[in-house]
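Structure file target_14.cif; described as mmCIF, C-alpha atoms.
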```
data_work
loop_
_atom_site.label_atom_id
_atom_site.label_comp_id
_atom_site.auth_asym_id
_atom_site.auth_seq_id
_atom_site.Cartn_x
_atom_site.Cartn_y
_atom_site.Cartn_z
CA MET E 1 50.21 97.59 21.50
CA SER E 2 50.92 97.20 25.25
CA ASP E 3 48.74 98.77 27.96
CA LEU E 4 51.54 101.22 28.79
CA ALA E 5 51.88 102.22 25.14
CA ARG E 6 48.12 102.83 24.91
CA LEU E 7 48.17 105.04 27.98
CA GLU E 8 51.15 106.96 26.64
CA ARG E 9 49.32 107.44 23.36
CA ARG E 10 46.29 108.85 25.20
CA LEU E 11 48.50 111.26 27.12
CA GLY E 12 50.06 112.36 23.85
CA GLN E 13 46.62 112.87 22.29
CA ALA E 14 45.61 115.08 25.23
CA VAL E 15 48.64 117.31 24.65
CA GLU E 16 47.91 117.52 20.92
CA ARG E 17 44.30 118.47 21.63
CA TYR E 18 45.42 121.16 24.07
CA GLU E 19 47.78 122.65 21.48
CA ARG E 20 45.03 122.70 18.84
CA VAL E 21 42.59 124.37 21.24
CA GLU E 22 45.21 126.94 22.26
CA ALA E 23 46.02 127.73 18.62
CA ARG E 24 42.34 128.08 17.71
CA LEU E 25 41.69 130.21 20.78
CA GLY E 26 44.26 132.69 19.52
CA VAL E 27 42.38 133.37 16.27
CA ALA E 28 38.72 132.73 17.16
CA THR E 29 36.35 135.70 16.91
CA ASP E 30 32.95 134.14 17.64
CA GLY E 31 31.97 134.76 21.26
CA ALA E 32 30.32 131.38 21.82
CA GLU E 33 33.31 129.55 20.33
CA ILE E 34 35.73 131.53 22.49
CA VAL E 35 33.79 130.58 25.62
CA ARG E 36 33.67 126.90 24.63
CA LEU E 37 37.37 126.80 23.73
CA GLY E 38 38.26 128.67 26.91
CA GLN E 39 36.44 126.11 29.03
CA GLU E 40 38.13 123.20 27.26
CA HIS E 41 41.50 124.93 27.56
CA ALA E 42 41.01 125.36 31.31
CA GLU E 43 39.97 121.72 31.70
CA LEU E 44 42.97 120.40 29.75
CA LYS E 45 45.65 122.64 31.28
CA PRO E 46 46.08 120.74 34.61
CA LEU E 47 46.52 117.49 32.66
CA VAL E 48 49.01 119.05 30.26
CA ASP E 49 50.96 120.55 33.19
CA ALA E 50 51.03 117.12 34.87
CA ILE E 51 52.26 115.49 31.65
CA ALA E 52 54.99 118.15 31.35
CA ALA E 53 56.09 117.52 34.94
CA LEU E 54 56.17 113.79 34.22
CA GLY E 55 58.25 114.35 31.08
CA ASP E 56 60.70 116.58 32.96
CA LYS E 57 61.14 113.94 35.66
CA ARG E 58 61.73 111.19 33.10
CA ALA E 59 64.33 113.35 31.33
CA GLU E 60 66.01 114.04 34.66
CA ILE E 61 66.18 110.30 35.41
CA ALA E 62 67.70 109.58 31.99
CA SER E 63 70.33 112.28 32.54
CA LEU E 64 71.23 110.99 36.01
CA GLU E 65 71.45 107.42 34.74
CA ALA E 66 73.92 108.57 32.08
CA ILE E 67 76.10 110.21 34.74
CA VAL E 68 76.04 107.09 36.92
CA ARG E 69 76.96 104.89 33.92
CA ASP E 70 79.81 107.12 32.80
CA SER E 71 82.92 105.35 34.11
CA GLY E 72 84.99 108.46 33.54
CA ALA E 73 82.81 110.66 35.70
CA ASP E 74 84.01 112.03 38.99
CA ARG E 75 83.41 109.41 41.69
CA GLU E 76 81.89 111.92 44.10
CA MET E 77 79.65 113.33 41.37
CA ALA E 78 78.56 109.81 40.43
CA ALA E 79 77.63 109.10 44.05
CA LEU E 80 75.60 112.30 44.27
CA ALA E 81 73.91 111.45 40.97
CA ALA E 82 73.05 107.98 42.26
CA ASP E 83 71.37 109.49 45.33
CA GLU E 84 69.40 111.94 43.18
CA LEU E 85 68.49 109.13 40.80
CA GLN E 86 67.01 107.06 43.61
CA ALA E 87 64.98 110.02 44.86
CA SER E 88 63.71 110.82 41.36
CA LYS E 89 62.67 107.22 40.74
CA GLU E 90 60.69 107.29 43.99
CA GLU E 91 58.88 110.46 42.87
CA LEU E 92 58.06 109.10 39.40
CA PRO E 93 55.10 106.80 40.30
CA GLU E 94 53.22 109.65 42.01
CA LEU E 95 53.69 111.92 38.98
CA GLU E 96 52.47 109.11 36.69
CA ARG E 97 49.47 108.55 38.95
CA ALA E 98 48.63 112.27 38.99
CA ALA E 99 48.67 112.44 35.19
CA LEU E 100 46.55 109.31 34.80
CA LEU E 101 43.98 110.55 37.30
CA LEU E 102 43.59 113.77 35.34
CA LEU E 103 43.18 111.68 32.19
CA ALA E 104 40.35 109.65 33.75
CA PRO E 105 36.77 110.68 32.87
CA LYS E 106 35.30 113.19 35.33
CA ASP E 107 31.77 113.65 36.54
CA LYS E 108 30.73 116.90 34.88
CA ASP E 109 28.88 117.87 38.06
CA GLU E 110 31.84 117.29 40.38
CA SER E 111 32.43 121.01 40.94
CA ALA E 112 28.72 121.79 41.37
CA SER E 113 26.82 122.88 44.44
CA ALA E 114 24.29 120.41 45.83
CA ILE E 115 20.84 119.84 47.26
CA LEU E 116 21.05 117.80 50.46
CA GLU E 117 18.04 115.74 51.58
CA ILE E 118 17.84 113.93 54.91
CA ARG E 119 14.91 111.72 55.95
CA ALA E 120 14.24 109.69 59.06
CA GLY E 121 14.04 105.98 58.27
CA THR E 122 13.21 102.97 60.42
CA GLY E 123 13.29 103.56 64.15
CA GLY E 124 10.49 105.99 64.95
CA ASP E 125 11.41 108.95 67.17
CA GLU E 126 15.00 107.76 67.52
CA ALA E 127 15.40 107.76 63.71
CA ALA E 128 14.12 111.34 63.60
CA LEU E 129 16.59 112.38 66.32
CA PHE E 130 19.40 110.77 64.35
CA ALA E 131 18.28 112.56 61.16
CA GLY E 132 18.57 115.79 63.13
CA ASP E 133 22.10 114.81 64.18
CA LEU E 134 23.06 114.22 60.54
CA LEU E 135 21.57 117.55 59.49
CA ARG E 136 23.68 119.37 62.08
CA MET E 137 26.75 117.32 61.11
CA TYR E 138 26.54 118.45 57.49
CA GLN E 139 25.69 122.01 58.51
CA ARG E 140 28.84 122.20 60.65
CA TYR E 141 30.96 120.54 57.96
CA ALA E 142 29.67 123.11 55.46
CA SER E 143 30.67 125.89 57.84
CA ILE E 144 34.17 124.39 58.24
CA SER E 145 34.44 124.14 54.44
CA ARG E 146 33.23 127.75 54.02
CA TRP E 147 30.19 126.66 52.04
CA LYS E 148 26.83 128.40 52.21
CA PHE E 149 24.19 126.21 53.88
CA GLU E 150 20.55 127.24 53.44
CA LEU E 151 17.64 125.27 54.82
CA GLU E 152 14.88 125.03 52.20
CA SER E 153 12.36 123.01 54.19
CA ILE E 154 12.16 121.01 57.40
CA SER E 155 9.57 118.85 59.11
CA GLU E 156 10.33 118.36 62.79
CA THR E 157 9.01 116.14 65.59
CA GLY E 158 7.91 117.19 69.03
CA LEU E 159 11.06 115.68 70.58
CA GLY E 160 13.43 117.80 68.51
CA GLY E 161 13.95 115.27 65.77
CA VAL E 162 13.70 115.75 62.02
CA LYS E 163 11.31 113.80 59.82
CA GLU E 164 12.63 115.37 56.65
CA ALA E 165 14.91 118.27 55.75
CA VAL E 166 16.07 119.75 52.46
CA ALA E 167 19.01 122.14 52.27
CA SER E 168 20.91 123.93 49.53
CA VAL E 169 24.69 123.72 49.96
CA THR E 170 26.51 126.21 47.76
CA GLY E 171 30.22 126.33 47.07
CA ALA E 172 32.98 125.07 44.81
CA GLY E 173 33.13 121.27 44.64
CA VAL E 174 30.29 120.57 47.09
CA PHE E 175 28.77 117.72 45.06
CA GLY E 176 32.17 116.19 44.31
CA ARG E 177 32.94 116.15 48.03
CA LEU E 178 29.59 114.97 49.37
CA ARG E 179 28.33 112.70 46.58
CA PHE E 180 29.31 109.49 48.38
CA GLU E 181 27.16 110.45 51.38
CA SER E 182 24.04 109.29 49.53
CA GLY E 183 22.62 106.18 51.12
CA VAL E 184 21.37 104.74 54.39
CA HIS E 185 23.14 105.88 57.55
CA ARG E 186 22.57 103.56 60.51
CA VAL E 187 22.91 104.44 64.20
CA GLN E 188 23.30 102.08 67.16
CA ARG E 189 22.77 103.67 70.57
CA VAL E 190 20.60 103.76 73.68
CA PRO E 191 17.75 106.20 73.02
CA GLU E 192 17.08 108.85 75.65
CA THR E 193 13.55 107.48 75.91
CA GLU E 194 14.76 103.92 76.60
CA ALA E 195 14.42 103.18 80.32
CA GLY E 196 15.96 99.72 80.10
CA GLY E 197 19.24 100.89 78.58
CA ARG E 198 18.90 98.67 75.52
CA ILE E 199 20.78 99.53 72.35
CA HIS E 200 18.47 100.34 69.43
CA THR E 201 19.30 100.39 65.73
CA SER E 202 17.73 103.17 63.67
CA ALA E 203 18.40 104.68 60.28
CA ALA E 204 18.15 107.81 58.19
CA THR E 205 18.60 108.28 54.46
CA VAL E 206 20.75 110.94 52.83
CA ALA E 207 20.54 112.07 49.22
CA VAL E 208 23.03 114.46 47.62
CA LEU E 209 21.90 115.88 44.27
CA PRO E 210 24.06 118.02 41.96
CA GLN E 211 22.96 121.60 41.52
CA PRO E 212 24.64 122.82 38.32
CA GLU E 213 25.56 126.47 37.93
CA GLY E 214 22.87 128.61 36.34
CA GLU E 215 19.48 127.35 35.27
CA VAL E 216 19.15 123.58 35.12
CA ASP E 217 18.42 122.60 31.52
CA ILE E 218 15.17 120.80 32.32
CA VAL E 219 11.83 121.79 30.80
CA VAL E 220 8.86 121.56 33.17
CA GLU E 221 5.47 121.96 31.50
CA ASP E 222 2.75 123.78 33.46
CA LYS E 223 0.34 120.97 32.68
CA ASP E 224 2.66 118.48 34.40
CA ILE E 225 2.74 120.16 37.80
CA ARG E 226 0.32 120.95 40.61
CA ILE E 227 1.18 123.80 42.98
CA ASP E 228 -0.34 123.96 46.47
CA THR E 229 0.17 126.57 49.16
CA MET E 230 -0.06 125.73 52.85
CA ARG E 231 1.16 126.70 56.26
CA ALA E 232 4.69 125.75 57.20
CA SER E 233 4.80 122.63 59.36
CA GLY E 234 6.98 121.76 62.30
CA ALA E 235 7.19 121.53 66.05
CA GLY E 236 6.98 125.28 66.54
CA GLY E 237 9.22 128.32 66.59
CA GLN E 238 10.76 129.70 63.46
CA HIS E 239 9.54 126.84 61.25
CA VAL E 240 5.85 127.60 61.73
CA ASN E 241 3.95 130.68 60.61
CA LYS E 242 0.32 131.70 60.45
CA THR E 243 0.07 132.36 56.70
CA ASP E 244 -0.05 130.02 53.74
CA SER E 245 3.57 130.73 52.72
CA ALA E 246 4.81 127.17 52.24
CA VAL E 247 4.69 125.85 48.67
CA ARG E 248 4.37 122.25 47.53
CA ILE E 249 4.91 121.34 43.88
CA THR E 250 3.91 117.91 42.59
CA HIS E 251 5.34 116.72 39.28
CA MET E 252 2.64 114.36 38.07
CA PRO E 253 4.59 112.35 35.43
CA SER E 254 7.36 111.38 37.88
CA GLY E 255 5.50 111.59 41.17
CA ILE E 256 8.22 113.86 42.61
CA VAL E 257 6.97 116.16 45.36
CA VAL E 258 8.94 119.21 46.52
CA VAL E 259 8.16 121.45 49.50
CA ALA E 260 9.76 124.83 50.33
CA GLN E 261 8.70 126.61 53.50
CA GLU E 262 11.53 128.69 54.90
CA LYS E 263 10.92 132.01 53.12
CA SER E 264 8.13 134.10 51.56
CA GLN E 265 5.57 132.40 49.34
CA HIS E 266 7.11 133.98 46.23
CA GLN E 267 10.62 132.86 47.19
CA ASN E 268 9.38 129.43 48.27
CA ARG E 269 7.74 128.92 44.89
CA ALA E 270 10.95 129.85 43.06
CA ASN E 271 13.03 127.60 45.34
CA ALA E 272 10.62 124.68 45.02
CA MET E 273 10.74 124.91 41.22
CA ARG E 274 14.54 125.05 41.31
CA ILE E 275 14.72 121.97 43.54
CA LEU E 276 12.21 120.14 41.33
CA LYS E 277 14.42 120.76 38.30
CA VAL E 278 17.46 119.54 40.24
CA LYS E 279 15.58 116.34 41.14
CA LEU E 280 14.49 115.79 37.56
CA TYR E 281 18.07 116.43 36.44
CA ASP E 282 19.31 113.87 38.97
CA ALA E 283 16.70 111.35 37.82
CA GLU E 284 17.99 111.72 34.26
CA ARG E 285 21.58 111.26 35.49
CA GLU E 286 20.51 108.07 37.27
CA ARG E 287 18.74 106.80 34.15
CA GLN E 288 21.80 107.39 31.99
CA ALA E 289 24.09 105.77 34.55
CA ALA E 290 21.85 102.70 34.73
CA ALA E 291 21.85 102.47 30.94
CA ARG E 292 25.64 102.36 30.80
CA ALA E 293 26.92 98.82 31.04
CA ALA E 294 30.34 100.19 32.00
CA GLU E 295 29.37 100.47 35.66
CA ARG E 296 31.85 98.21 37.45
CA LYS E 297 31.19 96.04 40.48
CA GLY E 298 34.13 97.59 42.33
CA GLN E 299 32.51 101.01 42.43
CA ILE E 300 32.07 102.73 45.80
CA GLY E 301 28.32 102.34 45.83
CA SER E 302 25.90 103.60 43.27
CA GLY E 303 24.52 106.37 45.41
CA ASP E 304 21.36 104.32 45.74
CA ARG E 305 19.39 105.62 48.70
CA SER E 306 18.54 102.01 49.70
CA GLU E 307 22.18 101.05 50.21
CA ARG E 308 23.49 100.97 53.78
CA ILE E 309 26.74 102.86 53.68
CA ARG E 310 27.73 103.73 57.24
CA THR E 311 27.12 102.77 60.87
CA TYR E 312 27.52 105.10 63.84
CA ASN E 313 27.98 102.96 66.98
CA TYR E 314 27.71 105.13 70.09
CA PRO E 315 28.54 102.55 72.81
CA GLN E 316 31.90 101.83 71.14
CA GLY E 317 32.45 105.36 69.86
CA ARG E 318 33.11 104.11 66.34
CA VAL E 319 32.01 104.96 62.82
CA THR E 320 32.28 102.32 60.07
CA ASP E 321 31.96 102.99 56.36
CA HIS E 322 30.96 99.61 54.93
CA ARG E 323 31.91 100.37 51.32
CA ILE E 324 35.62 100.71 52.02
CA ASN E 325 35.78 98.78 55.33
CA LEU E 326 36.99 101.88 57.15
CA THR E 327 36.46 102.20 60.91
CA VAL E 328 37.39 105.25 62.98
CA TYR E 329 37.00 105.67 66.74
CA ASN E 330 36.20 109.36 66.96
CA LEU E 331 32.41 109.30 66.66
CA PRO E 332 31.85 112.57 68.61
CA GLU E 333 34.11 114.46 66.20
CA VAL E 334 32.48 112.88 63.15
CA ILE E 335 28.98 113.79 64.35
CA ASP E 336 30.28 117.28 65.14
CA GLY E 337 31.38 117.60 61.50
CA SER E 338 35.05 118.21 62.35
CA GLY E 339 35.93 114.51 62.02
CA LEU E 340 34.16 113.89 58.72
CA GLU E 341 37.07 114.98 56.52
CA PRO E 342 39.26 111.84 56.87
CA ILE E 343 36.30 109.61 55.90
CA LEU E 344 35.58 111.73 52.82
CA ASP E 345 39.31 111.68 51.96
CA ALA E 346 39.34 107.86 52.14
CA LEU E 347 36.25 107.61 49.93
CA ALA E 348 37.80 109.99 47.39
CA ALA E 349 41.05 108.00 47.39
CA GLU E 350 39.18 104.74 46.80
CA ASP E 351 37.24 106.34 43.96
CA GLN E 352 40.49 107.55 42.40
CA ALA E 353 41.95 104.05 42.65
CA ARG E 354 38.85 102.64 40.94
CA LYS E 355 39.13 105.20 38.14
CA LEU E 356 42.78 104.33 37.63
CA ALA E 357 41.96 100.63 37.45
CA ALA E 358 39.17 101.32 34.97
CA LEU E 359 41.48 103.48 32.87
CA GLU E 360 44.11 100.73 32.77
CA ASP E 361 41.46 98.12 31.88
CA ASP E 362 40.28 100.29 28.99
CA ALA E 363 43.78 101.02 27.73
#
```
Now, as a test, write the supplied structure out as structure tokens.
Amino acid sequence: MSDLARLERRLGQAVERYERVEARLGVATDGAEIVRLGQEHAELKPLVDAIAALGDKRAEIASLEAIVRDSGADREMAALAADELQASKEELPELERAALLLLAPKDKDESASAILEIRAGTGGDEAALFAGDLLRMYQRYASISRWKFELESISETGLGGVKEAVASVTGAGVFGRLRFESGVHRVQRVPETEAGGRIHTSAATVAVLPQPEGEVDIVVEDKDIRIDTMRASGAGGQHVNKTDSAVRITHMPSGIVVVAQEKSQHQNRANAMRILKVKLYDAERERQAAARAAERKGQIGSGDRSERIRTYNYPQGRVTDHRINLTVYNLPEVIDGSGLEPILDALAAEDQARKLAALEDDA
């Protein structure tokens, strides 16, 4: 069987599955089954609609080809049909691509909200200032995207930098949009504290963790955690208070430590536990991904926090994403959040191309 035939067979199987689910949904009476079938029906419908559009276009092309071939047809009609045929053939590859992309396996957390972590890396005070720039960049991008951005904890420096910050970003498709931001972000610029005008290279790490809807299905035993209360830390202002409201939870088996300090002690404890479960959930995702030998070398990064993914060069006003060899010369807009969208679009397009290649390889 050819690769094309295999892909066509898989598209046909998706339609058959959709029809079976739809038929069963019409007679099911068990509440849990109705919910499960409803979810599967909603997931399959865009693919089935894309397959239908592809089938309609192919039928249209066959009809137009018949008109063009018919020697007895009106010459003017044949010319019009030839023009329409050319246009339809140009539209066909995009419809095929759309159907295949919907057929490709999806990350089940793609539509989830996310926990965003930013930490200053190498570079001392300049790294902390850059981490603060990244925090504001994502905060502004979240505002542009109409997502809810809540700071869970922050540790600041006396110069206005950020040692570490954790934020909850809530909205449809947050993780799917930001997941490729995980990694090392490098900055090249002249620090404000540099009298000699020399360009310094500093770095900050970003981690984007999926935050599934509802309670994360992770069991945390009381015996495995240690909970400490303390005063909120920071350079002053709103991030410091005089009571022991900040909460730190240490998960002993994994060594994961979570701090929440932006709200009341009761709310901080609940938030810290939620973030701990998200981190444990992400650790399990990472373990499963590492165990799968199907990870391909052409992937846009693994999300590994040790991987350098992007460089922000201030003297030249450019931003380079090293994974897809993309360079843009609008650094101020990118750092402002308004220029981040084209980079994320390019990363998503490259990921789609990789999924298509993987689907064709598996066909």
Requested in this report: May I have the residues within 9 Å of region 29-45 of chain E as a list of chain:residue names, using all atoms listed in the file and disregarding those fewer than 2 positions away in the same chain?
Outcome: E:Ala14, E:Val15, E:Arg17, E:Tyr18, E:Val21, E:Glu22, E:Arg24, E:Leu25, E:Gly26, E:Val27, E:Leu47, E:Val48, E:Asp49, E:Ala50, E:Leu102
Keeping only C-alpha atoms, write the selected residues as a PDB file, keeping the file's coordinate frame.
```
ATOM      1  CA  ALA E  14      45.610 115.080  25.230  1.00  0.00           C
ATOM      2  CA  VAL E  15      48.640 117.310  24.650  1.00  0.00           C
ATOM      3  CA  ARG E  17      44.300 118.470  21.630  1.00  0.00           C
ATOM      4  CA  TYR E  18      45.420 121.160  24.070  1.00  0.00           C
ATOM      5  CA  VAL E  21      42.590 124.370  21.240  1.00  0.00           C
ATOM      6  CA  GLU E  22      45.210 126.940  22.260  1.00  0.00           C
ATOM      7  CA  ARG E  24      42.340 128.080  17.710  1.00  0.00           C
ATOM      8  CA  LEU E  25      41.690 130.210  20.780  1.00  0.00           C
ATOM      9  CA  GLY E  26      44.260 132.690  19.520  1.00  0.00           C
ATOM     10  CA  VAL E  27      42.380 133.370  16.270  1.00  0.00           C
ATOM     11  CA  LEU E  47      46.520 117.490  32.660  1.00  0.00           C
ATOM     12  CA  VAL E  48      49.010 119.050  30.260  1.00  0.00           C
ATOM     13  CA  ASP E  49      50.960 120.550  33.190  1.00  0.00           C
ATOM     14  CA  ALA E  50      51.030 117.120  34.870  1.00  0.00           C
ATOM     15  CA  LEU E 102      43.590 113.770  35.340  1.00  0.00           C
TER      16      LEU E 102
END
```
List the neighbours of Leu326 (chain E) out to 12 Å using all atoms listed in the file; skip same-chain residues closer than 3 positions along the sequence, and give me the result as a short mmCIF file (atom, residue, chain, number, x, y, z; two decimals) with C-alpha atoms, in the coordinates of the input.
```cif
data_model
loop_
_atom_site.label_atom_id
_atom_site.label_comp_id
_atom_site.auth_asym_id
_atom_site.auth_seq_id
_atom_site.Cartn_x
_atom_site.Cartn_y
_atom_site.Cartn_z
CA ILE E 309 26.74 102.86 53.68
CA ARG E 310 27.73 103.73 57.24
CA THR E 311 27.12 102.77 60.87
CA ARG E 318 33.11 104.11 66.34
CA VAL E 319 32.01 104.96 62.82
CA THR E 320 32.28 102.32 60.07
CA ASP E 321 31.96 102.99 56.36
CA HIS E 322 30.96 99.61 54.93
CA ARG E 323 31.91 100.37 51.32
CA TYR E 329 37.00 105.67 66.74
CA PRO E 342 39.26 111.84 56.87
CA ILE E 343 36.30 109.61 55.90
CA LEU E 344 35.58 111.73 52.82
CA ASP E 345 39.31 111.68 51.96
CA ALA E 346 39.34 107.86 52.14
CA LEU E 347 36.25 107.61 49.93
CA GLU E 350 39.18 104.74 46.80
#
```
Leaving out region 53-57 of chain E and any residue of its chain fewer than 4 positions from it, which residues lie within 10 Å of it when counting all atoms listed in the file, given as a PDB file with C-alpha atoms, in the coordinates of the input?
```
ATOM      1  CA  LEU E  47      46.520 117.490  32.660  1.00  0.00           C
ATOM      2  CA  VAL E  48      49.010 119.050  30.260  1.00  0.00           C
ATOM      3  CA  ASP E  49      50.960 120.550  33.190  1.00  0.00           C
ATOM      4  CA  ILE E  61      66.180 110.300  35.410  1.00  0.00           C
ATOM      5  CA  ALA E  62      67.700 109.580  31.990  1.00  0.00           C
ATOM      6  CA  SER E  63      70.330 112.280  32.540  1.00  0.00           C
ATOM      7  CA  SER E  88      63.710 110.820  41.360  1.00  0.00           C
ATOM      8  CA  LYS E  89      62.670 107.220  40.740  1.00  0.00           C
ATOM      9  CA  GLU E  91      58.880 110.460  42.870  1.00  0.00           C
ATOM     10  CA  LEU E  92      58.060 109.100  39.400  1.00  0.00           C
ATOM     11  CA  PRO E  93      55.100 106.800  40.300  1.00  0.00           C
ATOM     12  CA  GLU E  94      53.220 109.650  42.010  1.00  0.00           C
ATOM     13  CA  LEU E  95      53.690 111.920  38.980  1.00  0.00           C
ATOM     14  CA  GLU E  96      52.470 109.110  36.690  1.00  0.00           C
ATOM     15  CA  ARG E  97      49.470 108.550  38.950  1.00  0.00           C
ATOM     16  CA  ALA E  98      48.630 112.270  38.990  1.00  0.00           C
ATOM     17  CA  ALA E  99      48.670 112.440  35.190  1.00  0.00           C
TER      18      ALA E  99
END
```
Requested in this report: Might you pull out every residue within 9 Å of Leu134 (chain E), with all atoms listed in the file counted and same-chain residues fewer than 5 positions away left off, and present them as a ChimeraX atom specification?
Outcome: /E:118,129,139,185,204,206,335
Query - Point-to-point distance in Å for CA of Ile225 (chain E) and CA of Arg274 (chain E) - result: 13.2 Å
Each side padded by 5 Å, which centre and which edge lengths in Å (one decimal) define the axis-aligned box around the listed atoms of region 147-153 of chain E? Give them as AutoDock Vina command-line options.
```
--center_x 21.3 --center_y 125.7 --center_z 53.4 --size_x 27.8 --size_y 15.4 --size_z 12.8
```
Query raised in the report: Just how far from CA of Glu284 (chain E) is CA of Val258 (chain E), in Å to one decimal?
Result: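 We find that CA of Val258 (chain E) and CA of Glu284 (chain E) lie 17.0 Å from each other.
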Requested in this report: Using the chain letters and numbers from the file, give me the residues hit by the PyMOL selection byres ((chain E and resi 125) around 9), as a list in words.
Outcome: Ala120, Gly123, Gly124, Glu126, Ala127, Ala128, Leu129, Phe130, Thr157, Leu159, Gly161, Val162 and Lys163 of chain E
**Report entry** 12 Å contact set for Ile249 (chain E), all atoms listed in the file, chain neighbours under 3 positions out, as JSON, numbers by chain
**Finding:** {"E": [220, 222, 224, 225, 226, 227, 228, 229, 230, 246, 252, 254, 255, 256, 257, 258, 259, 260, 261, 268, 269, 270, 271, 272, 273, 274, 275, 276, 277]}
Report task. Taking the point (14.8, 103.7, 53.3) as given in the file, collect each protein or nucleic acid residue that comes within 10 Å of it, counting only C-alpha atoms, and present the set as JSON, numbers by chain. Result -> {"E": [119, 120, 121, 122, 183, 184, 185, 203, 204, 205, 206, 305, 306, 307, 308]}
Would you export the selected residues with C-alpha atoms as an mmCIF file, in the frame of the given file, please?
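The result, stored in result-v8.cif:
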```
data_model
loop_
_atom_site.group_PDB
_atom_site.id
_atom_site.type_symbol
_atom_site.label_atom_id
_atom_site.label_comp_id
_atom_site.auth_asym_id
_atom_site.auth_seq_id
_atom_site.Cartn_x
_atom_site.Cartn_y
_atom_site.Cartn_z
ATOM 1 C CA ARG E 119 14.910 111.720 55.950
ATOM 2 C CA ALA E 120 14.240 109.690 59.060
ATOM 3 C CA GLY E 121 14.040 105.980 58.270
ATOM 4 C CA THR E 122 13.210 102.970 60.420
ATOM 5 C CA GLY E 183 22.620 106.180 51.120
ATOM 6 C CA VAL E 184 21.370 104.740 54.390
ATOM 7 C CA HIS E 185 23.140 105.880 57.550
ATOM 8 C CA ALA E 203 18.400 104.680 60.280
ATOM 9 C CA ALA E 204 18.150 107.810 58.190
ATOM 10 C CA THR E 205 18.600 108.280 54.460
ATOM 11 C CA VAL E 206 20.750 110.940 52.830
ATOM 12 C CA ARG E 305 19.390 105.620 48.700
ATOM 13 C CA SER E 306 18.540 102.010 49.700
ATOM 14 C CA GLU E 307 22.180 101.050 50.210
ATOM 15 C CA ARG E 308 23.490 100.970 53.780
#
```
Mind telling me what the PyMOL selection byres ((chain E and resi 141-152) around 6) catches here, as a PDB file with C-alpha atoms, in the frame of the given file?
```
ATOM      1  CA  TYR E 138      26.540 118.450  57.490  1.00  0.00           C
ATOM      2  CA  GLN E 139      25.690 122.010  58.510  1.00  0.00           C
ATOM      3  CA  ARG E 140      28.840 122.200  60.650  1.00  0.00           C
ATOM      4  CA  SER E 153      12.360 123.010  54.190  1.00  0.00           C
ATOM      5  CA  VAL E 166      16.070 119.750  52.460  1.00  0.00           C
ATOM      6  CA  ALA E 167      19.010 122.140  52.270  1.00  0.00           C
ATOM      7  CA  SER E 168      20.910 123.930  49.530  1.00  0.00           C
ATOM      8  CA  VAL E 169      24.690 123.720  49.960  1.00  0.00           C
ATOM      9  CA  THR E 170      26.510 126.210  47.760  1.00  0.00           C
ATOM     10  CA  GLY E 171      30.220 126.330  47.070  1.00  0.00           C
ATOM     11  CA  ALA E 260       9.760 124.830  50.330  1.00  0.00           C
ATOM     12  CA  GLU E 262      11.530 128.690  54.900  1.00  0.00           C
ATOM     13  CA  GLY E 337      31.380 117.600  61.500  1.00  0.00           C
TER      14      GLY E 337
END
```
Query raised in the report: What is the CA of Phe175 (chain E) to CA of Leu116 (chain E) distance in Å?
Result: 9.4 Å
Query - Nearest to Val208 (chain E), chosen from E:Ala357, E:Ala114, E:Ala165, E:Ala349, with all atoms listed in the file counted in the distances - result: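 Among E:Ala357, E:Ala114, E:Ala165, E:Ala349, it is E:Ala114 that comes nearest to Val208 (chain E).
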Requested in this report: Pick out the closest residue to Asp109 (chain E) from this set: E:Ala28, E:Ile51, E:Ala78, E:Ala172. Count all atoms listed in the file.
Outcome: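 Nearest to Asp109 (chain E): E:Ala172.
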